[in-house]
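Here's input_13.txt, which has compact mmCIF, C-alpha atoms (C1' of nucleotides):
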```txt
# COMPACT_ATOMS: atom_id res chain seq x y z
CA MET J 293 160.47 -23.90 -147.97
CA THR J 294 161.74 -26.44 -150.47
CA SER J 295 160.34 -29.94 -150.67
CA THR J 296 163.67 -31.19 -149.47
CA GLU J 297 163.44 -29.33 -146.22
CA GLY J 298 159.82 -30.37 -146.05
CA VAL J 299 160.64 -34.05 -146.23
CA GLY J 300 163.29 -33.73 -143.55
CA ALA J 301 160.97 -31.80 -141.27
CA LEU J 302 158.25 -34.33 -141.87
CA PHE J 303 160.61 -37.08 -140.86
CA ASP J 304 161.22 -35.36 -137.54
CA ARG J 305 157.50 -35.16 -136.95
CA TRP J 306 157.21 -38.88 -137.64
CA GLN J 307 159.85 -39.52 -135.08
CA GLN J 308 157.88 -37.60 -132.50
CA ARG J 309 154.78 -39.64 -133.23
CA ARG J 310 156.95 -42.75 -133.16
CA LEU J 311 155.92 -43.70 -136.67
CA GLU J 312 152.69 -45.39 -135.67
CA PRO J 313 151.52 -46.42 -139.12
CA SER J 314 147.87 -45.68 -138.44
CA GLN J 315 148.79 -42.18 -137.30
CA CYS J 316 151.17 -41.47 -140.12
CA PRO J 317 149.65 -40.28 -143.39
CA VAL J 318 152.76 -41.07 -145.29
CA ARG J 319 153.10 -44.64 -144.13
CA ASP J 320 149.44 -45.08 -144.72
CA VAL J 321 149.59 -43.77 -148.26
CA LEU J 322 153.06 -44.83 -149.37
CA ASP J 323 152.35 -48.34 -148.18
CA ARG J 324 149.59 -48.42 -150.75
CA LEU J 325 151.78 -47.03 -153.52
CA GLY J 326 154.35 -49.34 -152.09
CA ASP J 327 152.79 -52.37 -153.65
CA LYS J 328 153.84 -53.57 -157.01
CA TRP J 329 150.75 -52.64 -159.01
CA THR J 330 148.93 -49.63 -157.59
CA SER J 331 150.81 -46.88 -159.37
CA LEU J 332 150.74 -48.79 -162.65
CA ILE J 333 146.96 -49.14 -162.45
CA VAL J 334 146.50 -45.50 -161.51
CA VAL J 335 148.57 -44.43 -164.49
CA ALA J 336 146.64 -46.72 -166.81
CA LEU J 337 143.35 -45.28 -165.56
CA ALA J 338 144.79 -41.79 -165.94
CA ALA J 339 145.09 -42.40 -169.67
CA ARG J 340 141.46 -43.54 -169.93
CA ASP J 341 138.74 -45.47 -168.14
CA HIS J 342 139.26 -49.21 -168.43
CA ARG J 343 137.16 -52.31 -168.09
CA PHE J 344 138.53 -55.21 -166.13
CA ALA J 345 139.76 -57.23 -169.08
CA ALA J 346 141.19 -54.16 -170.81
CA LEU J 347 143.16 -53.32 -167.71
CA HIS J 348 144.44 -56.85 -167.63
CA ARG J 349 145.54 -56.53 -171.24
CA ALA J 350 147.17 -53.17 -170.50
CA ILE J 351 149.24 -54.66 -167.69
CA PRO J 352 149.80 -58.18 -168.92
CA ASP J 353 151.99 -59.46 -166.12
CA ILE J 354 149.55 -58.87 -163.30
CA SER J 355 147.45 -61.85 -162.27
CA LYS J 356 143.67 -61.55 -162.16
CA ARG J 357 143.88 -62.19 -158.47
CA MET J 358 146.16 -59.21 -157.81
CA LEU J 359 144.30 -57.02 -160.28
CA THR J 360 141.05 -57.62 -158.43
CA GLN J 361 142.67 -57.11 -155.08
CA THR J 362 144.50 -53.93 -156.04
CA LEU J 363 141.37 -52.46 -157.62
CA ARG J 364 139.39 -53.23 -154.48
CA ASP J 365 141.99 -51.50 -152.34
CA LEU J 366 141.99 -48.46 -154.63
CA GLU J 367 138.21 -48.41 -154.50
CA ARG J 368 138.25 -48.66 -150.74
CA ASP J 369 140.63 -45.72 -150.53
CA GLY J 370 138.34 -43.69 -152.77
CA LEU J 371 140.85 -43.32 -155.60
CA VAL J 372 138.97 -45.45 -158.10
CA SER J 373 135.27 -45.97 -158.72
CA ARG J 374 133.65 -49.11 -160.04
CA HIS J 375 130.67 -48.96 -162.41
CA VAL J 376 128.69 -52.07 -163.32
CA PHE J 377 126.63 -52.02 -166.51
CA PRO J 378 123.75 -54.48 -166.83
CA THR J 379 124.84 -55.84 -170.18
CA THR J 380 125.11 -59.55 -170.64
CA PRO J 381 127.49 -60.60 -169.44
CA PRO J 382 127.72 -57.61 -167.13
CA SER J 383 130.62 -55.30 -167.81
CA VAL J 384 132.49 -53.33 -165.23
CA GLU J 385 134.31 -50.09 -165.79
CA TYR J 386 136.91 -48.59 -163.52
CA ARG J 387 137.56 -44.85 -163.36
CA LEU J 388 139.71 -42.52 -161.35
CA THR J 389 137.69 -40.47 -158.91
CA PRO J 390 138.49 -36.78 -158.42
CA LEU J 391 140.60 -37.88 -155.48
CA GLY J 392 142.41 -40.30 -157.76
CA HIS J 393 142.95 -37.55 -160.33
CA SER J 394 144.39 -35.31 -157.64
CA MET J 395 147.18 -37.81 -157.24
CA LEU J 396 148.31 -37.57 -160.84
CA ASP J 397 150.23 -34.34 -160.45
CA PRO J 398 152.54 -35.59 -157.69
CA LEU J 399 152.72 -39.03 -159.27
CA GLY J 400 153.56 -37.36 -162.57
CA ALA J 401 156.41 -35.51 -160.90
CA LEU J 402 157.84 -38.81 -159.74
CA VAL J 403 157.38 -40.38 -163.16
CA ALA J 404 159.15 -37.43 -164.77
CA TRP J 405 161.99 -37.84 -162.31
CA ALA J 406 162.17 -41.53 -163.13
CA GLU J 407 162.36 -40.83 -166.84
CA SER J 408 165.01 -38.16 -166.55
CA ARG J 409 167.22 -40.15 -164.17
CA HIS J 410 166.75 -43.58 -165.60
CA SER J 411 169.98 -43.76 -167.55
CA GLU J 412 171.92 -42.47 -164.55
CA ILE J 413 170.43 -45.23 -162.41
CA ARG J 414 171.17 -47.90 -164.97
CA THR J 415 174.76 -46.72 -165.14
CA ALA J 416 175.05 -46.82 -161.36
CA ARG J 417 173.74 -50.37 -161.36
CA ALA J 418 176.20 -51.48 -163.99
CA VAL J 419 179.08 -49.96 -162.03
CA PHE J 420 177.93 -51.58 -158.79
CA ASP J 421 177.52 -54.99 -160.40
CA GLN J 422 180.89 -54.68 -162.10
CA ARG J 423 182.53 -53.91 -158.79
CA ALA J 424 180.76 -56.79 -157.07
CA ALA J 425 182.05 -59.24 -159.67
CA MET Y 131 150.97 -29.81 -170.75
CA THR Y 132 149.72 -30.81 -167.34
CA SER Y 133 151.15 -33.72 -165.45
CA THR Y 134 147.84 -35.47 -165.94
CA GLU Y 135 148.15 -35.38 -169.70
CA GLY Y 136 151.78 -36.29 -169.27
CA VAL Y 137 150.98 -39.44 -167.35
CA GLY Y 138 148.34 -40.48 -169.83
CA ALA Y 139 150.64 -39.89 -172.77
CA LEU Y 140 153.36 -41.81 -171.02
CA PHE Y 141 150.99 -44.71 -170.58
CA ASP Y 142 150.39 -44.79 -174.31
CA ARG Y 143 154.11 -44.91 -174.92
CA TRP Y 144 154.37 -47.83 -172.51
CA GLN Y 145 151.70 -49.63 -174.44
CA GLN Y 146 153.70 -49.20 -177.62
CA ARG Y 147 156.77 -50.64 -175.96
CA ARG Y 148 154.60 -53.40 -174.53
CA LEU Y 149 155.62 -52.51 -170.99
CA GLU Y 150 158.82 -54.52 -171.05
CA PRO Y 151 160.04 -53.78 -167.53
CA SER Y 152 163.68 -53.46 -168.50
CA GLN Y 153 162.77 -50.96 -171.21
CA CYS Y 154 160.39 -48.95 -169.09
CA PRO Y 155 161.94 -46.34 -166.81
CA VAL Y 156 158.82 -46.10 -164.77
CA ARG Y 157 158.45 -49.78 -164.06
CA ASP Y 158 162.13 -49.89 -163.33
CA VAL Y 159 161.97 -47.04 -160.87
CA LEU Y 160 158.50 -47.40 -159.41
CA ASP Y 161 159.19 -51.06 -158.74
CA ARG Y 162 161.95 -49.88 -156.47
CA LEU Y 163 159.78 -47.30 -154.72
CA GLY Y 164 157.16 -49.98 -154.85
CA ASP Y 165 158.67 -51.90 -152.02
CA LYS Y 166 157.61 -51.29 -148.50
CA TRP Y 167 160.70 -49.58 -147.17
CA THR Y 168 162.60 -47.67 -149.86
CA SER Y 169 160.75 -44.39 -149.63
CA LEU Y 170 160.80 -44.48 -145.86
CA ILE Y 171 164.57 -44.92 -145.83
CA VAL Y 172 165.08 -42.19 -148.40
CA VAL Y 173 163.01 -39.79 -146.30
CA ALA Y 174 164.92 -40.72 -143.15
CA LEU Y 175 168.22 -40.09 -144.93
CA ALA Y 176 166.82 -36.82 -146.28
CA ALA Y 177 166.51 -35.56 -142.72
CA ARG Y 178 170.11 -36.48 -141.92
CA ASP Y 179 172.84 -39.05 -142.51
CA HIS Y 180 172.29 -42.18 -140.47
CA ARG Y 181 174.33 -45.08 -139.24
CA PHE Y 182 172.93 -48.56 -139.60
CA ALA Y 183 171.67 -48.89 -136.05
CA ALA Y 184 170.27 -45.35 -136.03
CA LEU Y 185 168.30 -46.08 -139.17
CA HIS Y 186 166.98 -49.20 -137.54
CA ARG Y 187 165.90 -47.17 -134.54
CA ALA Y 188 164.31 -44.56 -136.81
CA ILE Y 189 162.23 -47.20 -138.59
CA PRO Y 190 161.63 -49.71 -135.82
CA ASP Y 191 159.41 -52.14 -137.66
CA ILE Y 192 161.85 -52.99 -140.44
CA SER Y 193 163.86 -56.14 -139.89
CA LYS Y 194 167.64 -55.98 -140.08
CA ARG Y 195 167.42 -58.31 -143.02
CA MET Y 196 165.23 -55.97 -145.05
CA LEU Y 197 167.13 -52.88 -143.92
CA THR Y 198 170.37 -54.35 -145.21
CA GLN Y 199 168.78 -55.50 -148.43
CA THR Y 200 166.99 -52.22 -149.14
CA LEU Y 201 170.12 -50.20 -148.42
CA ARG Y 202 172.12 -52.42 -150.79
CA ASP Y 203 169.52 -51.89 -153.51
CA LEU Y 204 169.56 -48.14 -152.97
CA GLU Y 205 173.34 -48.18 -153.07
CA ARG Y 206 173.31 -50.20 -156.26
CA ASP Y 207 170.97 -47.69 -157.87
CA GLY Y 208 173.26 -44.86 -156.87
CA LEU Y 209 170.76 -43.16 -154.57
CA VAL Y 210 172.62 -43.85 -151.35
CA SER Y 211 176.31 -44.04 -150.52
CA ARG Y 212 177.89 -46.19 -147.84
CA HIS Y 213 180.84 -44.97 -145.79
CA VAL Y 214 182.77 -47.27 -143.49
CA PHE Y 215 184.83 -45.74 -140.67
CA PRO Y 216 187.66 -47.80 -139.19
CA THR Y 217 186.53 -47.40 -135.61
CA THR Y 218 186.18 -50.46 -133.43
CA PRO Y 219 183.80 -51.91 -134.02
CA PRO Y 220 183.67 -50.35 -137.47
CA SER Y 221 180.81 -47.95 -138.00
CA VAL Y 222 178.98 -47.41 -141.25
CA GLU Y 223 177.22 -44.28 -142.32
CA TYR Y 224 174.64 -44.03 -145.07
CA ARG Y 225 174.03 -40.82 -147.00
CA LEU Y 226 171.92 -39.73 -149.92
CA THR Y 227 173.95 -39.11 -153.05
CA PRO Y 228 173.19 -36.10 -155.24
CA LEU Y 229 171.04 -38.47 -157.32
CA GLY Y 230 169.23 -39.46 -154.16
CA HIS Y 231 168.71 -35.83 -153.24
CA SER Y 232 167.30 -35.14 -156.67
CA MET Y 233 164.48 -37.51 -155.85
CA LEU Y 234 163.33 -35.54 -152.81
CA ASP Y 235 161.44 -32.89 -154.71
CA PRO Y 236 159.11 -35.30 -156.54
CA LEU Y 237 158.90 -37.55 -153.51
CA GLY Y 238 158.08 -34.52 -151.41
CA ALA Y 239 155.24 -33.68 -153.77
CA LEU Y 240 153.78 -37.11 -153.20
CA VAL Y 241 154.25 -36.85 -149.46
CA ALA Y 242 152.51 -33.48 -149.46
CA TRP Y 243 149.65 -34.99 -151.42
CA ALA Y 244 149.45 -37.85 -148.94
CA GLU Y 245 149.28 -35.44 -146.02
CA SER Y 246 146.64 -33.21 -147.55
CA ARG Y 247 144.42 -36.09 -148.68
CA HIS Y 248 144.87 -38.40 -145.76
CA SER Y 249 141.66 -37.60 -143.96
CA GLU Y 250 139.72 -37.93 -147.20
CA ILE Y 251 141.18 -41.37 -147.75
CA ARG Y 252 140.45 -42.47 -144.23
CA THR Y 253 136.87 -41.34 -144.62
CA ALA Y 254 136.53 -43.24 -147.89
CA ARG Y 255 137.83 -46.37 -146.19
CA ALA Y 256 135.38 -46.05 -143.34
CA VAL Y 257 132.49 -45.64 -145.78
CA PHE Y 258 133.61 -48.63 -147.84
CA ASP Y 259 134.03 -50.84 -144.80
CA GLN Y 260 130.66 -49.73 -143.45
CA ARG Y 261 129.00 -50.66 -146.73
CA ALA Y 262 130.76 -54.02 -146.86
CA ALA Y 263 129.48 -54.93 -143.40
C1' DC N 113 194.44 -62.91 -119.13
C1' DT N 114 189.75 -63.61 -119.41
C1' DC N 115 185.19 -61.92 -120.10
C1' DC N 116 181.94 -58.95 -121.86
C1' DA N 117 179.91 -55.40 -124.77
C1' DT N 118 179.84 -53.17 -129.15
C1' DT N 119 178.53 -52.57 -134.55
C1' DG N 120 176.93 -54.12 -138.63
C1' DG N 121 175.58 -57.40 -140.40
C1' DT N 122 174.26 -62.92 -141.93
C1' DC N 123 171.65 -67.32 -141.26
C1' DT N 124 167.70 -70.17 -140.46
C1' DC N 125 163.01 -70.96 -139.83
C1' DT N 126 158.50 -69.77 -140.26
C1' DA N 127 154.63 -66.83 -141.86
C1' DT N 128 152.79 -64.22 -145.26
C1' DG N 129 152.16 -62.70 -150.10
C1' DT N 130 151.98 -63.62 -154.97
C1' DG N 131 151.28 -65.99 -159.39
C1' DA N 132 149.22 -69.61 -162.48
C1' DG N 133 145.56 -71.29 -163.89
C1' DA N 134 141.17 -74.09 -163.13
C1' DC N 135 136.64 -73.07 -162.14
C1' DC N 136 132.04 -70.44 -161.62
C1' DT N 137 127.80 -67.74 -163.01
C1' DG N 138 124.12 -66.88 -165.98
C1' DG N 139 122.05 -65.11 -170.00
C1' DC N 140 122.31 -65.23 -175.23
C1' DC N 141 123.23 -67.35 -179.74
C1' DT N 142 123.31 -71.28 -182.68
C1' DA F 74 121.70 -78.62 -175.79
C1' DG F 75 126.20 -76.72 -176.06
C1' DG F 76 129.35 -73.15 -176.05
C1' DC F 77 130.56 -68.49 -175.36
C1' DC F 78 131.26 -64.12 -172.98
C1' DA F 79 132.89 -60.90 -168.79
C1' DG F 80 134.33 -60.61 -164.44
C1' DG F 81 135.61 -62.53 -161.14
C1' DT F 82 136.89 -66.51 -157.03
C1' DC F 83 139.45 -70.72 -155.50
C1' DT F 84 143.33 -73.71 -154.73
C1' DC F 85 147.89 -74.94 -154.83
C1' DA F 86 152.83 -74.06 -155.30
C1' DC F 87 156.46 -70.98 -154.83
C1' DA F 88 158.77 -66.57 -153.60
C1' DT F 89 159.42 -63.10 -150.38
C1' DA F 90 159.48 -61.02 -145.65
C1' DG F 91 159.89 -61.09 -140.63
C1' DA F 92 161.88 -62.76 -136.01
C1' DG F 93 165.47 -63.46 -133.78
C1' DA F 94 169.79 -66.31 -132.88
C1' DC F 95 174.35 -65.99 -134.16
C1' DC F 96 179.05 -64.05 -135.64
C1' DA F 97 183.82 -61.50 -135.91
C1' DA F 98 187.13 -58.22 -134.28
C1' DT F 99 188.48 -55.24 -130.82
C1' DG F 100 188.81 -52.54 -126.53
C1' DG F 101 187.91 -51.99 -121.82
C1' DA F 102 186.72 -53.93 -117.09
C1' DG F 103 187.99 -56.91 -113.56
```
Mind turning the file's structure into structure tokens?
Amino acid sequence: MTSTEGVGALFDRWQQRRLEPSQCPVRDVLDRLGDKWTSLIVVALAARDHRFAALHRAIPDISKRMLTQTLRDLERDGLVSRHVFPTTPPSVEYRLTPLGHSMLDPLGALVAWAESRHSEIRTARAVFDQRAA
Amino acid sequence: MTSTEGVGALFDRWQQRRLEPSQCPVRDVLDRLGDKWTSLIVVALAARDHRFAALHRAIPDISKRMLTQTLRDLERDGLVSRHVFPTTPPSVEYRLTPLGHSMLDPLGALVAWAESRHSEIRTARAVFDQRAA
DNA sequence: CTCCATTGGTCTCTATGTGAGACCTGGCCT
DNA sequence: AGGCCAGGTCTCACATAGAGACCAATGGAG
């Protein structure tokens, strides 16, 4: 079965379960990727482990508040682990867990899609905006 | 090269380009998937074409406001097409474009990952919440 | 001829989420 | 004693999202 058929079939199963978010793995998981920063942080941590400040430098337009919050959520979901070192001042390193690493293949597929289709999307936007004006 | 290395390498390229969102395909595209409803709508339309009200029934907890807005964004990006039929009252059908269909394979990979890892994530959450309390 | 229901939205108001940036902690160096 | 560092938390202001009333055009019921 292709992924396409798979997604359609999955949708029908959702319908049967009436899309209760707590029952639906996809809602549960895509809602997390469905925030502005999660995937960006995962990709940054895929490249290498990062300390808090380094992560903030890597993704300059996230606020400390959201960085903390997103990291906590990722930690809670078991995708990221947090390691405190007793230096002074204490330093904290964030790493992908094996579970986090297991997400990189599918996420990579999406990223590859994004790269290959980007120009097509930008063209579509330009056409749409042209037509609107 | 594995997707993992691919994602890491991509990250380094982002760093070089300083992550300017308009220059970065991944920001550009993941920001769109990074809203609460886009992927859900794409998956619904993957199963079959939908009219506005049917889509609203399929995803009951989206507001009309956000449904309209998300559909417009998807249309603008060329992932979804809008077809108006001159019935009375006029009916509108939404369909995935070929570009939209091309996203289903990578999206399906992510969905499959979500399904297979869901119980692991739920366990991790329970452990984290336990520890916090 | 009037009244109502229908579809695909838009509008307004409120609630929630996000960002900016000040502040905190506490040990070390000068 | 004063200032610095990392890794946060806190508060306030603003942007975004949700709920639900409202709308326009038409066809059918009475």
Find the residue from Y:Glu223, Y:Glu250, Y:Asp191, Y:Asp235 that sits nearest to chain J; use all atoms listed in the file when measuring.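 When distances to chain J are compared using all atoms listed in the file, the smallest one comes from Y:Asp235.
Here is the contact set of chain F against chain Y, at 9 Å and counting only C-alpha atoms (C1' of nucleotides): F:DA90, F:DG91, F:DA92, F:DA98, F:DT99, F:DG100.
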Residues within 10 Å of His410 in chain J, all atoms listed in the file, excluding chain neighbours under 4 positions, as number ranges by chain: J: 404-406, 414-416; Y: 154-156, 158-159, 207
Nearest to chain N among Y:Gly238, Y:Val222, Y:Val173, Y:Arg212, with distances taken over all atoms listed in the file: which residue is it?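 With all atoms listed in the file as the atom set, the closest residue is Y:Val222.
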Given all atoms listed in the file as the basis, pick out the residue of Y:Phe182, Y:Phe258, Y:Phe141, Y:Trp167 nearest to chain N. Y:Phe182
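Considering the residues Y:Ala184, Y:Val210, Y:Val257, Y:Leu204 and counting only C-alpha atoms, Thr227 in chain Y has its shortest atom-to-atom contact with Y:Val210.
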Mind pulling up the distance from CA of Arg319 in chain J to C1' of DA127 in chain N?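 Going from C1' of DA127 in chain N over to CA of Arg319 in chain J, I get 22.4 Å.
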Just write range 115-142 of chain N with N, CA and C atoms (P, O5', C5', C4', C3', O3' and C1' of nucleotides), as a short mmCIF file (atom, residue, chain, number, x, y, z; two decimals), in the first residue's frame, taken from the block above.
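Once written, part-v1.cif looks like this:
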```cif
data_model
loop_
_atom_site.label_atom_id
_atom_site.label_comp_id
_atom_site.auth_asym_id
_atom_site.auth_seq_id
_atom_site.Cartn_x
_atom_site.Cartn_y
_atom_site.Cartn_z
P DC N 115 -43.68 37.52 5.66
"O5'" DC N 115 -43.16 36.04 5.91
"C5'" DC N 115 -44.10 34.96 6.09
"C4'" DC N 115 -43.34 33.66 6.21
"C3'" DC N 115 -42.04 33.77 6.99
"O3'" DC N 115 -41.96 32.70 7.93
"C1'" DC N 115 -41.61 32.85 4.84
P DC N 116 -40.81 32.70 9.06
"O5'" DC N 116 -39.96 31.41 8.66
"C5'" DC N 116 -40.63 30.22 8.22
"C4'" DC N 116 -39.67 29.35 7.44
"C3'" DC N 116 -38.26 29.29 8.05
"O3'" DC N 116 -37.95 27.93 8.35
"C1'" DC N 116 -38.16 29.71 5.71
P DA N 117 -36.63 27.55 9.20
"O5'" DA N 117 -35.79 26.64 8.20
"C5'" DA N 117 -36.46 25.78 7.28
"C4'" DA N 117 -35.49 25.39 6.18
"C3'" DA N 117 -34.04 25.23 6.67
"O3'" DA N 117 -33.47 24.03 6.13
"C1'" DA N 117 -34.12 26.83 4.92
P DT N 118 -31.98 23.52 6.60
"O5'" DT N 118 -31.07 23.87 5.33
"C5'" DT N 118 -31.47 23.44 4.02
"C4'" DT N 118 -30.54 24.09 3.03
"C3'" DT N 118 -29.11 24.17 3.55
"O3'" DT N 118 -28.25 23.27 2.86
"C1'" DT N 118 -29.83 26.26 2.58
P DT N 119 -26.76 22.99 3.44
"O5'" DT N 119 -25.89 24.02 2.61
"C5'" DT N 119 -25.79 23.90 1.18
"C4'" DT N 119 -24.81 24.93 0.69
"C3'" DT N 119 -23.44 24.86 1.35
"O3'" DT N 119 -22.45 24.88 0.34
"C1'" DT N 119 -24.38 27.04 1.66
P DG N 120 -20.94 24.52 0.65
"O5'" DG N 120 -20.34 25.97 0.87
"C5'" DG N 120 -20.35 26.90 -0.23
"C4'" DG N 120 -19.94 28.25 0.28
"C3'" DG N 120 -18.63 28.27 1.09
"O3'" DG N 120 -17.90 29.44 0.75
"C1'" DG N 120 -20.32 29.20 2.35
P DG N 121 -16.28 29.42 0.88
"O5'" DG N 121 -16.03 29.50 2.45
"C5'" DG N 121 -15.71 30.66 3.12
"C4'" DG N 121 -16.81 31.72 3.15
"C3'" DG N 121 -16.43 32.89 4.02
"O3'" DG N 121 -15.87 33.90 3.23
"C1'" DG N 121 -18.71 32.24 4.32
P DT N 122 -14.79 34.85 3.90
"O5'" DT N 122 -15.64 35.92 4.74
"C5'" DT N 122 -16.48 36.85 4.07
"C4'" DT N 122 -17.19 37.72 5.11
"C3'" DT N 122 -16.24 38.49 6.04
"O3'" DT N 122 -16.81 39.78 6.24
"C1'" DT N 122 -17.69 37.18 7.33
P DC N 123 -15.88 40.94 6.85
"O5'" DC N 123 -16.60 41.24 8.24
"C5'" DC N 123 -18.02 41.09 8.37
"C4'" DC N 123 -18.44 41.37 9.82
"C3'" DC N 123 -17.39 42.12 10.64
"O3'" DC N 123 -18.03 43.18 11.37
"C1'" DC N 123 -17.89 40.00 11.64
P DT N 124 -17.13 44.12 12.34
"O5'" DT N 124 -17.42 43.45 13.78
"C5'" DT N 124 -18.77 43.19 14.18
"C4'" DT N 124 -18.78 42.61 15.59
"C3'" DT N 124 -17.78 43.28 16.55
"O3'" DT N 124 -18.43 43.46 17.80
"C1'" DT N 124 -17.37 40.95 16.46
P DC N 125 -17.76 44.33 18.98
"O5'" DC N 125 -17.56 43.22 20.12
"C5'" DC N 125 -18.59 42.24 20.38
"C4'" DC N 125 -18.01 41.12 21.24
"C3'" DC N 125 -17.02 41.61 22.29
"O3'" DC N 125 -17.39 41.08 23.56
"C1'" DC N 125 -16.04 39.89 20.95
P DT N 126 -16.59 41.54 24.86
"O5'" DT N 126 -15.83 40.18 25.21
"C5'" DT N 126 -16.56 38.94 25.22
"C4'" DT N 126 -15.58 37.79 25.11
"C3'" DT N 126 -14.51 37.76 26.21
"O3'" DT N 126 -14.57 36.48 26.81
"C1'" DT N 126 -13.52 37.48 24.08
P DA N 127 -13.69 36.18 28.12
"O5'" DA N 127 -12.64 35.12 27.57
"C5'" DA N 127 -13.11 33.90 26.99
"C4'" DA N 127 -11.92 33.17 26.40
"C3'" DA N 127 -10.77 32.90 27.37
"O3'" DA N 127 -10.27 31.61 27.07
"C1'" DA N 127 -9.96 34.11 25.53
P DT N 128 -9.45 30.77 28.16
"O5'" DT N 128 -8.15 30.35 27.34
"C5'" DT N 128 -8.28 30.02 25.95
"C4'" DT N 128 -7.06 30.47 25.20
"C3'" DT N 128 -5.73 30.17 25.92
"O3'" DT N 128 -5.07 29.19 25.14
"C1'" DT N 128 -5.72 32.29 24.83
P DG N 129 -3.57 28.65 25.50
"O5'" DG N 129 -2.70 29.56 24.51
"C5'" DG N 129 -3.03 29.60 23.13
"C4'" DG N 129 -1.95 30.33 22.37
"C3'" DG N 129 -0.53 29.97 22.78
"O3'" DG N 129 0.23 29.89 21.58
"C1'" DG N 129 -0.90 32.30 23.12
P DT N 130 1.74 29.55 21.50
"O5'" DT N 130 2.40 30.98 21.42
"C5'" DT N 130 2.16 31.80 20.28
"C4'" DT N 130 2.92 33.10 20.40
"C3'" DT N 130 4.40 32.91 20.78
"O3'" DT N 130 5.18 33.38 19.70
"C1'" DT N 130 3.35 34.64 22.08
P DG N 131 6.77 33.47 19.77
"O5'" DG N 131 6.99 34.97 20.25
"C5'" DG N 131 6.44 36.03 19.47
"C4'" DG N 131 6.93 37.37 19.99
"C3'" DG N 131 8.43 37.43 20.30
"O3'" DG N 131 8.92 38.69 19.86
"C1'" DG N 131 7.19 37.94 22.25
P DA N 132 10.49 39.03 19.90
"O5'" DA N 132 10.58 40.19 21.00
"C5'" DA N 132 9.44 40.99 21.32
"C4'" DA N 132 9.83 42.08 22.31
"C3'" DA N 132 11.33 42.23 22.59
"O3'" DA N 132 11.59 43.60 22.86
"C1'" DA N 132 10.23 41.46 24.54
P DG N 133 13.10 44.11 23.08
"O5'" DG N 133 13.25 44.06 24.67
"C5'" DG N 133 12.27 44.71 25.49
"C4'" DG N 133 12.41 44.24 26.92
"C3'" DG N 133 13.86 44.14 27.41
"O3'" DG N 133 13.88 44.62 28.74
"C1'" DG N 133 12.77 42.19 27.90
P DA N 134 15.23 45.33 29.33
"O5'" DA N 134 14.86 45.52 30.87
"C5'" DA N 134 13.55 45.94 31.25
"C4'" DA N 134 13.11 45.22 32.52
"C3'" DA N 134 14.20 45.16 33.61
"O3'" DA N 134 13.61 45.42 34.88
"C1'" DA N 134 13.52 42.97 33.04
P DC N 135 14.53 45.59 36.21
"O5'" DC N 135 14.56 44.11 36.80
"C5'" DC N 135 13.34 43.51 37.24
"C4'" DC N 135 13.59 42.04 37.56
"C3'" DC N 135 14.71 41.79 38.57
"O3'" DC N 135 14.12 41.29 39.77
"C1'" DC N 135 14.76 40.25 36.73
P DC N 136 15.04 41.00 41.09
"O5'" DC N 136 15.38 39.44 40.94
"C5'" DC N 136 14.32 38.49 40.85
"C4'" DC N 136 14.90 37.08 40.80
"C3'" DC N 136 16.04 36.83 41.80
"O3'" DC N 136 15.81 35.60 42.44
"C1'" DC N 136 16.71 36.22 39.62
P DT N 137 16.39 35.39 44.00
"O5'" DT N 137 17.22 34.03 43.95
"C5'" DT N 137 16.96 33.02 42.98
"C4'" DT N 137 18.26 32.28 42.68
"C3'" DT N 137 19.34 32.46 43.74
"O3'" DT N 137 19.79 31.19 44.17
"C1'" DT N 137 20.20 32.87 41.55
P DG N 138 20.63 31.02 45.60
"O5'" DG N 138 21.67 29.84 45.33
"C5'" DG N 138 22.12 29.50 44.01
"C4'" DG N 138 23.61 29.80 43.81
"C3'" DG N 138 24.33 30.38 45.04
"O3'" DG N 138 25.70 29.99 44.96
"C1'" DG N 138 24.56 31.85 43.30
P DG N 139 26.27 28.84 46.03
"O5'" DG N 139 27.80 28.61 45.56
"C5'" DG N 139 28.03 27.89 44.37
"C4'" DG N 139 28.94 28.67 43.44
"C3'" DG N 139 30.29 29.07 44.06
"O3'" DG N 139 31.29 28.64 43.17
"C1'" DG N 139 29.31 30.89 42.95
P DC N 140 32.84 28.47 43.68
"O5'" DC N 140 33.62 29.44 42.68
"C5'" DC N 140 33.47 29.28 41.26
"C4'" DC N 140 34.02 30.51 40.57
"C3'" DC N 140 35.37 30.98 41.10
"O3'" DC N 140 36.23 31.18 39.99
"C1'" DC N 140 33.83 32.79 41.08
P DC N 141 37.83 31.36 40.15
"O5'" DC N 141 38.10 32.63 39.23
"C5'" DC N 141 37.01 33.21 38.47
"C4'" DC N 141 37.33 34.68 38.19
"C3'" DC N 141 38.72 35.14 38.59
"O3'" DC N 141 39.22 36.00 37.58
"C1'" DC N 141 37.10 36.43 39.76
P DT N 142 40.70 36.69 37.73
"O5'" DT N 142 40.32 38.14 38.26
"C5'" DT N 142 39.46 38.99 37.46
"C4'" DT N 142 39.30 40.34 38.18
"C3'" DT N 142 40.60 40.94 38.65
"O3'" DT N 142 40.69 42.28 38.20
"C1'" DT N 142 39.02 40.89 40.44
#
```
